[in-house]
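Engineer: Got a structure for you, written out below as structure tokens; questions coming shortly.
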Amino acid sequence: MASQVLVAANRGPLSYALAADGALSARRGGGGLVSGLSAALAAQPEALWICAALSDADREAVRRGVGEPGVRMLDIDPAVYDDAYNGIANSVLWFTHHHLYDIPREPAFDAEFRRRWDSYTAYNQAFAEALAEEAAPGARVLVQDYHLALVPGALRQLRPDLRIAHFTHTPWASPDFLHMLPDDIRSRLVWGMLGADQLGFHTAAWAAAFISGATVDDVHGVADGFVPREDHQGGVHHRRLTEDGRYGEMRFTGVGQYPLGVDGDDLRALAHRPEVDEKLAALRAEVGDRKTIVRVDRTELSKNILRGLAAYRELLTTHPEWRGRVVHLASAYPSRQDLEVYRTYTDAVRSLAAEINAEFGTEEWEPVLVSVQDDFARSLAAYRMADVALINPVRDGMNLVAKEIPVVSEAGCVLVLSTGAGAYEELRQDALGVNPYDVTATAEALHAALSMPEAERTERTKRLAASATALPPEAWFTAQLEALGN
Ligand code: G6P
């Protein structure tokens, strides 16, 4: 019999809402990680998903014992959770892996940072303890993402019998950025990850960044002897310096590449529900027979929405022939609004879109239609009518939207894709690659995309859709389980 499978992720497959009358209702959690994992786990009915209670309603559900089979939510102290999620995961680790710092001011690792780091450690420890409690002997545990980087190490201490994998959905910081972290913190982070038997990344570039970040010098105080395997992709040998100054046993952690893709049949079925047909008809009525440039993102700093809008403005300026003939459908739904920098960014996106509309709009034509609703049906409708998909993140683990749009677009679409997106590794042949900082080059790529002959666009879209569906979630998940052995 195959061994038990457990998954740990900050965000669970569902979240709760509390109505005024005290009733709890559940809805599906958001984001690429949740949709990929949910799809993968549909084929693993026995699996247990451990996640954090994210809100007061989630905590209330835990207290009332409300839940779904196969899901355990952890009720972590809200102040500890806030420090760990907002203070460290999203403000430090996310910024480090995506290179988002405004360098003259940030980062500054002070006493407040240390206090939050302790909370991050406690939150990771709570996951490790829950996993240790739930896991049968020899179970396989798949830990997800930068929120839970310390879990593999902590769990190995509690349960050396388990087989542990960790998957990073983000990029991994280049060594220069990783080495901005205080030495002892970087060491804890790397050692937390190396507690795993197997580490997974979306691309060869992120896997290589992990290996070189961990091996570029010895991690201060506690480590020695990281040896990358000959092919530089296989993993690292490591042994840990113990408190009495001796080296512990040599261990090996595999480092592999698992580029998550989309399930084409599932996605097409979702995109052809009556609800999506209705949204499509409404959008079509608004856009008319104009061409569309589509983007769909969380309002996320790394997604580079502002430079995307600036490129669209430059397109309308330098190629005035497109005025009145194209509409930019930009769906940018709010994310991480507890952080001020995200609120400011969201405001900036809205006001730049408004400026463009004021500058170029006419009675008949609104150049940019911004939607801030997290409305998956509307997004799918936009995918279906996309002539051009604009995906220009400064740095992105994968970017599933880049894979979803070519699968669903009806008339075929041209993908304008940042070289900083993980998806670029697989899609570069058929996408129009852009340097995400180069607004002029992005504007020119939009022009080339809008002008591409139909036959070429159809051929490229076919190949993009084939690459995008090469490793659907279930296969992605199974490959990682197999790497742990049966
Ligand atoms: C990225 C991360 C996920 C995260 C998602 C949404 O895809 O890799 O771990 O869940 O963003 O972010 P949020 O903070 O809303 O969970």
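FYI, nothing fancy with the structure tokens labels: chains A, B, ... in order, residues from 1 per chain, ligands from 1 as they appear.
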Please identify all polymer residues within 8 Å of A:Phe127, counting only C-alpha atoms, omitting same-chain residues fewer than 2 positions from it, and present them as a PyMOL selection string.

Structural biologist: chain A and resi 8+50+74+123-125+129-131+151

Engineer: Within 9 Å of ligand 1, counting only C-alpha atoms and all ligand atoms: which residues, as a ChimeraX atom specification?

Structural biologist: /A:9-12,29-34,85-86,89-90,94,144-147,168-171,298,300,335-336,396-399

Engineer: Mind checking DSSP for stretch 133-215 of chain A and telling me the helix (DSSP H, G or I) residues as an mmCIF file with all heavy atoms, in the first residue's frame?

Structural biologist:
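Just written: selection.cif:
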data_model
loop_
_atom_site.group_PDB
_atom_site.id
_atom_site.type_symbol
_atom_site.label_atom_id
_atom_site.label_comp_id
_atom_site.auth_asym_id
_atom_site.auth_seq_id
_atom_site.Cartn_x
_atom_site.Cartn_y
_atom_site.Cartn_z
ATOM 1 N N GLU A 133 2.161 15.113 14.381
ATOM 2 C CA GLU A 133 1.047 14.485 15.084
ATOM 3 C C GLU A 133 0.164 13.658 14.136
ATOM 4 O O GLU A 133 -0.295 12.581 14.475
ATOM 5 C CB GLU A 133 0.208 15.630 15.654
ATOM 6 C CG GLU A 133 -0.741 15.304 16.749
ATOM 7 C CD GLU A 133 -1.420 16.611 17.160
ATOM 8 O OE1 GLU A 133 -0.708 17.521 17.655
ATOM 9 O OE2 GLU A 133 -2.640 16.720 16.949
ATOM 10 N N GLU A 134 -0.023 14.169 12.923
ATOM 11 C CA GLU A 134 -0.962 13.525 11.988
ATOM 12 C C GLU A 134 -0.323 12.414 11.159
ATOM 13 O O GLU A 134 -1.032 11.566 10.625
ATOM 14 C CB GLU A 134 -1.526 14.561 11.004
ATOM 15 C CG GLU A 134 -2.298 15.705 11.650
ATOM 16 C CD GLU A 134 -3.721 15.301 12.066
ATOM 17 O OE1 GLU A 134 -4.139 14.150 11.781
ATOM 18 O OE2 GLU A 134 -4.396 16.146 12.690
ATOM 19 N N TYR A 146 7.462 29.563 0.486
ATOM 20 C CA TYR A 146 8.330 30.360 1.358
ATOM 21 C C TYR A 146 7.748 30.611 2.733
ATOM 22 O O TYR A 146 8.484 30.947 3.649
ATOM 23 C CB TYR A 146 8.632 31.699 0.654
ATOM 24 C CG TYR A 146 7.387 32.513 0.362
ATOM 25 C CD1 TYR A 146 7.023 33.586 1.169
ATOM 26 C CD2 TYR A 146 6.542 32.169 -0.695
ATOM 27 C CE1 TYR A 146 5.864 34.305 0.923
ATOM 28 C CE2 TYR A 146 5.385 32.875 -0.948
ATOM 29 C CZ TYR A 146 5.055 33.945 -0.135
ATOM 30 O OH TYR A 146 3.892 34.643 -0.373
ATOM 31 N N HIS A 147 6.447 30.483 2.889
ATOM 32 C CA HIS A 147 5.883 30.660 4.234
ATOM 33 C C HIS A 147 6.413 29.596 5.187
ATOM 34 O O HIS A 147 6.525 29.839 6.375
ATOM 35 C CB HIS A 147 4.355 30.524 4.225
ATOM 36 C CG HIS A 147 3.661 31.306 3.161
ATOM 37 N ND1 HIS A 147 3.407 30.795 1.910
ATOM 38 C CD2 HIS A 147 3.152 32.559 3.177
ATOM 39 C CE1 HIS A 147 2.771 31.704 1.188
ATOM 40 N NE2 HIS A 147 2.615 32.793 1.935
ATOM 41 N N LEU A 148 6.683 28.426 4.636
ATOM 42 C CA LEU A 148 6.980 27.256 5.474
ATOM 43 C C LEU A 148 8.392 26.718 5.223
ATOM 44 O O LEU A 148 8.628 25.519 5.273
ATOM 45 C CB LEU A 148 5.925 26.164 5.227
ATOM 46 C CG LEU A 148 4.475 26.587 5.504
ATOM 47 C CD1 LEU A 148 3.509 25.446 5.211
ATOM 48 C CD2 LEU A 148 4.299 27.037 6.963
ATOM 49 N N VAL A 151 9.888 24.419 7.963
ATOM 50 C CA VAL A 151 9.169 23.203 8.358
ATOM 51 C C VAL A 151 9.978 21.922 8.109
ATOM 52 O O VAL A 151 10.034 21.065 8.986
ATOM 53 C CB VAL A 151 7.776 23.139 7.689
ATOM 54 C CG1 VAL A 151 7.154 21.758 7.807
ATOM 55 C CG2 VAL A 151 6.850 24.177 8.324
ATOM 56 N N PRO A 152 10.639 21.780 6.931
ATOM 57 C CA PRO A 152 11.341 20.509 6.734
ATOM 58 C C PRO A 152 12.356 20.215 7.853
ATOM 59 O O PRO A 152 12.383 19.101 8.386
ATOM 60 C CB PRO A 152 12.022 20.694 5.375
ATOM 61 C CG PRO A 152 11.128 21.651 4.654
ATOM 62 C CD PRO A 152 10.658 22.618 5.712
ATOM 63 N N GLY A 153 13.156 21.204 8.218
ATOM 64 C CA GLY A 153 14.154 20.992 9.268
ATOM 65 C C GLY A 153 13.505 20.676 10.607
ATOM 66 O O GLY A 153 13.917 19.741 11.315
ATOM 67 N N ALA A 154 12.460 21.448 10.956
ATOM 68 C CA ALA A 154 11.812 21.241 12.256
ATOM 69 C C ALA A 154 11.116 19.878 12.290
ATOM 70 O O ALA A 154 11.142 19.176 13.311
ATOM 71 C CB ALA A 154 10.799 22.369 12.509
ATOM 72 N N LEU A 155 10.525 19.492 11.184
ATOM 73 C CA LEU A 155 9.801 18.219 11.137
ATOM 74 C C LEU A 155 10.770 17.036 11.196
ATOM 75 O O LEU A 155 10.503 16.024 11.839
ATOM 76 C CB LEU A 155 8.952 18.165 9.867
ATOM 77 C CG LEU A 155 8.063 16.937 9.676
ATOM 78 C CD1 LEU A 155 7.105 16.750 10.852
ATOM 79 C CD2 LEU A 155 7.263 17.048 8.371
ATOM 80 N N ARG A 156 11.910 17.181 10.542
ATOM 81 C CA ARG A 156 12.891 16.076 10.570
ATOM 82 C C ARG A 156 13.352 15.806 11.987
ATOM 83 O O ARG A 156 13.568 14.663 12.380
ATOM 84 C CB ARG A 156 14.077 16.397 9.667
ATOM 85 C CG ARG A 156 15.123 15.288 9.629
ATOM 86 C CD ARG A 156 16.085 15.426 8.478
ATOM 87 N NE ARG A 156 15.395 15.345 7.198
ATOM 88 C CZ ARG A 156 14.952 14.215 6.644
ATOM 89 N NH1 ARG A 156 15.097 13.055 7.265
ATOM 90 N NH2 ARG A 156 14.335 14.239 5.491
ATOM 91 N N GLN A 157 13.500 16.875 12.784
ATOM 92 C CA GLN A 157 13.900 16.689 14.190
ATOM 93 C C GLN A 157 12.838 15.907 14.952
ATOM 94 O O GLN A 157 13.149 15.061 15.772
ATOM 95 C CB GLN A 157 14.047 18.054 14.867
ATOM 96 C CG GLN A 157 15.095 18.919 14.259
ATOM 97 C CD GLN A 157 16.117 19.350 15.278
ATOM 98 O OE1 GLN A 157 15.759 19.737 16.385
ATOM 99 N NE2 GLN A 157 17.376 19.258 14.921
ATOM 100 N N LEU A 158 11.559 16.225 14.653
ATOM 101 C CA LEU A 158 10.473 15.562 15.393
ATOM 102 C C LEU A 158 10.222 14.148 14.882
ATOM 103 O O LEU A 158 9.895 13.259 15.657
ATOM 104 C CB LEU A 158 9.168 16.375 15.257
ATOM 105 C CG LEU A 158 9.157 17.777 15.860
ATOM 106 C CD1 LEU A 158 7.908 18.534 15.412
ATOM 107 C CD2 LEU A 158 9.192 17.707 17.386
ATOM 108 N N PRO A 175 21.998 34.822 -5.414
ATOM 109 C CA PRO A 175 22.876 34.843 -4.244
ATOM 110 C C PRO A 175 23.065 36.250 -3.654
ATOM 111 O O PRO A 175 23.060 36.418 -2.437
ATOM 112 C CB PRO A 175 24.195 34.275 -4.783
ATOM 113 C CG PRO A 175 23.751 33.339 -5.876
ATOM 114 C CD PRO A 175 22.565 34.015 -6.509
ATOM 115 N N ASP A 176 23.159 37.285 -4.501
ATOM 116 C CA ASP A 176 23.339 38.643 -3.963
ATOM 117 C C ASP A 176 22.178 39.047 -3.064
ATOM 118 O O ASP A 176 22.369 39.691 -2.037
ATOM 119 C CB ASP A 176 23.456 39.670 -5.093
ATOM 120 C CG ASP A 176 24.817 39.625 -5.755
ATOM 121 O OD1 ASP A 176 25.712 38.935 -5.219
ATOM 122 O OD2 ASP A 176 24.973 40.270 -6.811
ATOM 123 N N PHE A 177 20.979 38.717 -3.475
ATOM 124 C CA PHE A 177 19.816 39.083 -2.652
ATOM 125 C C PHE A 177 19.715 38.186 -1.418
ATOM 126 O O PHE A 177 19.418 38.659 -0.327
ATOM 127 C CB PHE A 177 18.530 39.042 -3.487
ATOM 128 C CG PHE A 177 18.279 40.328 -4.204
ATOM 129 C CD1 PHE A 177 18.949 40.626 -5.393
ATOM 130 C CD2 PHE A 177 17.410 41.278 -3.681
ATOM 131 C CE1 PHE A 177 18.750 41.828 -6.049
ATOM 132 C CE2 PHE A 177 17.202 42.489 -4.339
ATOM 133 C CZ PHE A 177 17.866 42.761 -5.527
ATOM 134 N N LEU A 178 19.977 36.904 -1.592
ATOM 135 C CA LEU A 178 19.899 35.999 -0.438
ATOM 136 C C LEU A 178 20.885 36.449 0.639
ATOM 137 O O LEU A 178 20.598 36.394 1.835
ATOM 138 C CB LEU A 178 20.225 34.566 -0.874
ATOM 139 C CG LEU A 178 19.873 33.520 0.176
ATOM 140 C CD1 LEU A 178 18.362 33.373 0.287
ATOM 141 C CD2 LEU A 178 20.516 32.187 -0.144
ATOM 142 N N ASP A 183 23.400 36.894 8.389
ATOM 143 C CA ASP A 183 24.015 35.587 8.167
ATOM 144 C C ASP A 183 23.310 34.455 8.908
ATOM 145 O O ASP A 183 23.089 33.377 8.363
ATOM 146 C CB ASP A 183 25.489 35.615 8.603
ATOM 147 C CG ASP A 183 26.334 36.476 7.677
ATOM 148 O OD1 ASP A 183 25.810 36.921 6.628
ATOM 149 O OD2 ASP A 183 27.509 36.720 8.009
ATOM 150 N N ASP A 184 22.975 34.715 10.170
ATOM 151 C CA ASP A 184 22.379 33.620 10.940
ATOM 152 C C ASP A 184 20.966 33.295 10.433
ATOM 153 O O ASP A 184 20.544 32.143 10.429
ATOM 154 C CB ASP A 184 22.340 33.948 12.435
ATOM 155 C CG ASP A 184 21.524 35.190 12.740
ATOM 156 O OD1 ASP A 184 21.624 36.189 11.982
ATOM 157 O OD2 ASP A 184 20.759 35.185 13.718
ATOM 158 N N ILE A 185 20.266 34.311 9.929
ATOM 159 C CA ILE A 185 18.902 34.085 9.423
ATOM 160 C C ILE A 185 18.972 33.319 8.105
ATOM 161 O O ILE A 185 18.225 32.364 7.878
ATOM 162 C CB ILE A 185 18.165 35.440 9.225
ATOM 163 C CG1 ILE A 185 18.051 36.197 10.545
ATOM 164 C CG2 ILE A 185 16.803 35.238 8.550
ATOM 165 C CD1 ILE A 185 17.167 35.567 11.591
ATOM 166 N N ARG A 186 19.900 33.739 7.235
ATOM 167 C CA ARG A 186 20.055 33.024 5.968
ATOM 168 C C ARG A 186 20.395 31.565 6.235
ATOM 169 O O ARG A 186 19.856 30.656 5.604
ATOM 170 C CB ARG A 186 21.175 33.691 5.151
ATOM 171 C CG ARG A 186 21.340 33.080 3.768
ATOM 172 C CD ARG A 186 22.518 33.666 3.026
ATOM 173 N NE ARG A 186 23.785 33.201 3.565
ATOM 174 C CZ ARG A 186 24.673 33.957 4.179
ATOM 175 N NH1 ARG A 186 24.460 35.257 4.334
ATOM 176 N NH2 ARG A 186 25.798 33.448 4.637
ATOM 177 N N SER A 187 21.243 31.363 7.212
ATOM 178 C CA SER A 187 21.638 30.007 7.562
ATOM 179 C C SER A 187 20.433 29.189 8.040
ATOM 180 O O SER A 187 20.232 28.048 7.631
ATOM 181 C CB SER A 187 22.704 30.096 8.657
ATOM 182 O OG SER A 187 22.894 28.848 9.229
ATOM 183 N N ARG A 188 19.612 29.796 8.871
ATOM 184 C CA ARG A 188 18.419 29.067 9.346
ATOM 185 C C ARG A 188 17.473 28.744 8.200
ATOM 186 O O ARG A 188 16.881 27.677 8.150
ATOM 187 C CB ARG A 188 17.668 29.900 10.387
ATOM 188 C CG ARG A 188 18.255 29.815 11.757
ATOM 189 C CD ARG A 188 17.527 30.740 12.733
ATOM 190 N NE ARG A 188 18.507 31.438 13.536
ATOM 191 C CZ ARG A 188 19.145 30.899 14.566
ATOM 192 N NH1 ARG A 188 18.892 29.673 14.940
ATOM 193 N NH2 ARG A 188 20.037 31.591 15.235
ATOM 194 N N LEU A 189 17.350 29.703 7.295
ATOM 195 C CA LEU A 189 16.450 29.510 6.156
ATOM 196 C C LEU A 189 16.939 28.337 5.285
ATOM 197 O O LEU A 189 16.178 27.411 4.961
ATOM 198 C CB LEU A 189 16.429 30.800 5.330
ATOM 199 C CG LEU A 189 15.463 30.855 4.173
ATOM 200 C CD1 LEU A 189 14.037 30.959 4.709
ATOM 201 C CD2 LEU A 189 15.759 32.069 3.280
ATOM 202 N N VAL A 190 18.217 28.378 4.955
ATOM 203 C CA VAL A 190 18.767 27.326 4.094
ATOM 204 C C VAL A 190 18.713 25.975 4.811
ATOM 205 O O VAL A 190 18.315 24.959 4.235
ATOM 206 C CB VAL A 190 20.208 27.691 3.666
ATOM 207 C CG1 VAL A 190 20.887 26.520 2.982
ATOM 208 C CG2 VAL A 190 20.178 28.901 2.735
ATOM 209 N N TRP A 191 19.062 25.973 6.089
ATOM 210 C CA TRP A 191 19.033 24.705 6.832
ATOM 211 C C TRP A 191 17.617 24.194 7.032
ATOM 212 O O TRP A 191 17.380 22.981 7.052
ATOM 213 C CB TRP A 191 19.750 24.838 8.175
ATOM 214 C CG TRP A 191 21.216 24.639 7.988
ATOM 215 C CD1 TRP A 191 22.174 25.605 8.008
ATOM 216 C CD2 TRP A 191 21.869 23.413 7.668
ATOM 217 N NE1 TRP A 191 23.397 25.057 7.720
ATOM 218 C CE2 TRP A 191 23.241 23.712 7.521
ATOM 219 C CE3 TRP A 191 21.450 22.099 7.482
ATOM 220 C CZ2 TRP A 191 24.186 22.741 7.209
ATOM 221 C CZ3 TRP A 191 22.392 21.130 7.176
ATOM 222 C CH2 TRP A 191 23.741 21.457 7.039
ATOM 223 N N GLY A 192 16.686 25.106 7.156
ATOM 224 C CA GLY A 192 15.281 24.680 7.264
ATOM 225 C C GLY A 192 14.885 23.921 6.016
ATOM 226 O O GLY A 192 14.305 22.827 6.068
ATOM 227 N N MET A 193 15.256 24.470 4.855
ATOM 228 C CA MET A 193 14.941 23.824 3.579
ATOM 229 C C MET A 193 15.675 22.489 3.452
ATOM 230 O O MET A 193 15.134 21.497 2.970
ATOM 231 C CB MET A 193 15.364 24.733 2.427
ATOM 232 C CG MET A 193 14.653 26.064 2.376
ATOM 233 S SD MET A 193 13.065 25.971 1.544
ATOM 234 C CE MET A 193 13.596 25.848 -0.164
ATOM 235 N N LEU A 194 16.946 22.467 3.878
ATOM 236 C CA LEU A 194 17.749 21.253 3.688
ATOM 237 C C LEU A 194 17.329 20.114 4.611
ATOM 238 O O LEU A 194 17.839 18.997 4.497
ATOM 239 C CB LEU A 194 19.241 21.570 3.862
ATOM 240 C CG LEU A 194 19.848 22.382 2.722
ATOM 241 C CD1 LEU A 194 21.300 22.745 3.035
ATOM 242 C CD2 LEU A 194 19.769 21.629 1.400
ATOM 243 N N ALA A 204 14.751 25.437 -13.872
ATOM 244 C CA ALA A 204 16.164 25.145 -13.646
ATOM 245 C C ALA A 204 16.864 26.365 -13.046
ATOM 246 O O ALA A 204 17.743 26.238 -12.204
ATOM 247 C CB ALA A 204 16.827 24.759 -14.965
ATOM 248 N N ALA A 205 16.430 27.564 -13.463
ATOM 249 C CA ALA A 205 17.094 28.780 -12.964
ATOM 250 C C ALA A 205 16.906 28.930 -11.452
ATOM 251 O O ALA A 205 17.840 29.276 -10.731
ATOM 252 C CB ALA A 205 16.548 30.008 -13.685
ATOM 253 N N TRP A 206 15.684 28.658 -10.965
ATOM 254 C CA TRP A 206 15.463 28.831 -9.514
ATOM 255 C C TRP A 206 16.172 27.728 -8.731
ATOM 256 O O TRP A 206 16.680 27.965 -7.635
ATOM 257 C CB TRP A 206 13.978 28.862 -9.148
ATOM 258 C CG TRP A 206 13.092 29.751 -9.989
ATOM 259 C CD1 TRP A 206 11.800 29.479 -10.348
ATOM 260 C CD2 TRP A 206 13.382 31.049 -10.541
ATOM 261 N NE1 TRP A 206 11.289 30.509 -11.106
ATOM 262 C CE2 TRP A 206 12.236 31.487 -11.237
ATOM 263 C CE3 TRP A 206 14.505 31.886 -10.535
ATOM 264 C CZ2 TRP A 206 12.172 32.709 -11.915
ATOM 265 C CZ3 TRP A 206 14.450 33.111 -11.210
ATOM 266 C CH2 TRP A 206 13.298 33.494 -11.882
ATOM 267 N N ALA A 207 16.216 26.531 -9.295
ATOM 268 C CA ALA A 207 16.918 25.434 -8.618
ATOM 269 C C ALA A 207 18.412 25.764 -8.531
ATOM 270 O O ALA A 207 19.042 25.606 -7.483
ATOM 271 C CB ALA A 207 16.701 24.120 -9.369
ATOM 272 N N ALA A 208 18.950 26.282 -9.639
ATOM 273 C CA ALA A 208 20.376 26.626 -9.653
ATOM 274 C C ALA A 208 20.655 27.772 -8.682
ATOM 275 O O ALA A 208 21.692 27.787 -8.010
ATOM 276 C CB ALA A 208 20.803 27.012 -11.064
ATOM 277 N N ALA A 209 19.707 28.722 -8.580
ATOM 278 C CA ALA A 209 19.900 29.843 -7.649
ATOM 279 C C ALA A 209 19.945 29.314 -6.210
ATOM 280 O O ALA A 209 20.758 29.761 -5.398
ATOM 281 C CB ALA A 209 18.778 30.869 -7.795
ATOM 282 N N PHE A 210 19.091 28.354 -5.918
ATOM 283 C CA PHE A 210 19.118 27.788 -4.559
ATOM 284 C C PHE A 210 20.474 27.153 -4.295
ATOM 285 O O PHE A 210 21.108 27.406 -3.273
ATOM 286 C CB PHE A 210 18.008 26.750 -4.342
ATOM 287 C CG PHE A 210 18.105 26.124 -2.972
ATOM 288 C CD1 PHE A 210 17.568 26.771 -1.871
ATOM 289 C CD2 PHE A 210 18.796 24.938 -2.780
ATOM 290 C CE1 PHE A 210 17.709 26.230 -0.590
ATOM 291 C CE2 PHE A 210 18.939 24.390 -1.508
ATOM 292 C CZ PHE A 210 18.394 25.036 -0.416
ATOM 293 N N ILE A 211 20.926 26.340 -5.233
ATOM 294 C CA ILE A 211 22.191 25.628 -5.013
ATOM 295 C C ILE A 211 23.340 26.624 -4.884
ATOM 296 O O ILE A 211 24.142 26.530 -3.965
ATOM 297 C CB ILE A 211 22.440 24.601 -6.144
ATOM 298 C CG1 ILE A 211 21.381 23.494 -6.051
ATOM 299 C CG2 ILE A 211 23.841 23.996 -6.021
ATOM 300 C CD1 ILE A 211 21.496 22.422 -7.112
ATOM 301 N N SER A 212 23.379 27.631 -5.761
ATOM 302 C CA SER A 212 24.530 28.528 -5.636
ATOM 303 C C SER A 212 24.409 29.430 -4.410
ATOM 304 O O SER A 212 25.419 29.748 -3.793
ATOM 305 C CB SER A 212 24.801 29.312 -6.918
ATOM 306 O OG SER A 212 23.631 29.897 -7.365
ATOM 307 N N GLY A 213 23.194 29.790 -4.014
ATOM 308 C CA GLY A 213 23.041 30.603 -2.796
ATOM 309 C C GLY A 213 23.473 29.840 -1.565
ATOM 310 O O GLY A 213 24.004 30.401 -0.614
ATOM 311 N N ALA A 214 23.237 28.555 -1.573
ATOM 312 C CA ALA A 214 23.570 27.750 -0.402
ATOM 313 C C ALA A 214 25.031 27.341 -0.398
ATOM 314 O O ALA A 214 25.570 26.968 0.633
ATOM 315 C CB ALA A 214 22.685 26.498 -0.369
ATOM 316 N N THR A 215 25.668 27.407 -1.556
ATOM 317 C CA THR A 215 27.025 26.868 -1.624
ATOM 318 C C THR A 215 28.083 27.926 -1.884
ATOM 319 O O THR A 215 29.255 27.628 -1.874
ATOM 320 C CB THR A 215 27.142 25.817 -2.751
ATOM 321 O OG1 THR A 215 26.744 26.434 -3.963
ATOM 322 C CG2 THR A 215 26.284 24.613 -2.481
#

Engineer: Which of these residues is nearest to A:Ile391, using only C-alpha atoms: A:Glu404, A:Glu340, A:Glu355, A:Asp75?

Structural biologist: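 Selected residue with least distance to A:Ile391: A:Glu404.
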
Engineer: Of the candidates A:Pro406, A:Gly324, A:Pro334, A:Pro472, which shows the shortest atom-to-atom distance to A:Pro367, using only C-alpha atoms?

Structural biologist: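 Among the listed residues, the smallest separation from A:Pro367 belongs to A:Gly324.
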
Engineer: Would you mind listing what lies within 7 Å of A:His166 as an MDAnalysis selection string, with only C-alpha atoms counted and same-chain residues fewer than 4 positions away left out?

Structural biologist: chainID A and resid 142:144 196 198:200

Engineer: Write to file, as an mmCIF file, in the first residue's frame, the residues of the selection just made, with N, CA and C atoms.

Structural biologist:
data_model
loop_
_atom_site.group_PDB
_atom_site.id
_atom_site.type_symbol
_atom_site.label_atom_id
_atom_site.label_comp_id
_atom_site.auth_asym_id
_atom_site.auth_seq_id
_atom_site.Cartn_x
_atom_site.Cartn_y
_atom_site.Cartn_z
ATOM 1 N N LEU A 142 4.504 16.845 1.745
ATOM 2 C CA LEU A 142 4.886 17.845 0.747
ATOM 3 C C LEU A 142 4.580 19.238 1.279
ATOM 4 N N VAL A 143 5.630 19.944 1.618
ATOM 5 C CA VAL A 143 5.514 21.270 2.232
ATOM 6 C C VAL A 143 5.594 22.318 1.119
ATOM 7 N N GLN A 144 4.747 23.345 1.207
ATOM 8 C CA GLN A 144 4.655 24.313 0.118
ATOM 9 C C GLN A 144 5.170 25.703 0.511
ATOM 10 N N ALA A 196 14.671 18.813 4.160
ATOM 11 C CA ALA A 196 13.885 17.999 3.227
ATOM 12 C C ALA A 196 14.771 16.962 2.539
ATOM 13 N N GLN A 198 13.906 16.257 -0.570
ATOM 14 C CA GLN A 198 13.774 16.670 -1.960
ATOM 15 C C GLN A 198 13.245 18.104 -1.995
ATOM 16 N N LEU A 199 13.906 18.970 -2.750
ATOM 17 C CA LEU A 199 13.428 20.345 -2.926
ATOM 18 C C LEU A 199 12.990 20.531 -4.369
ATOM 19 N N GLY A 200 11.826 21.128 -4.566
ATOM 20 C CA GLY A 200 11.329 21.342 -5.919
ATOM 21 C C GLY A 200 11.203 22.827 -6.237
#

Engineer: Among stretch 259-362 of chain A, which ones does DSSP assign to strand (DSSP E or B) (computed from the backbone)? Answer as a list of chain:residue names.

Structural biologist: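 Of stretch 259-362 of chain A, only A:Lys291, A:Thr292, A:Ile293, A:Val294, A:Arg295, A:Val296, A:Asp297, A:Arg298, A:Val326, A:Val327, A:His328, A:Leu329, A:Ala330, A:Ser331, A:Ala332, A:Tyr333 fall in strand (DSSP E or B).
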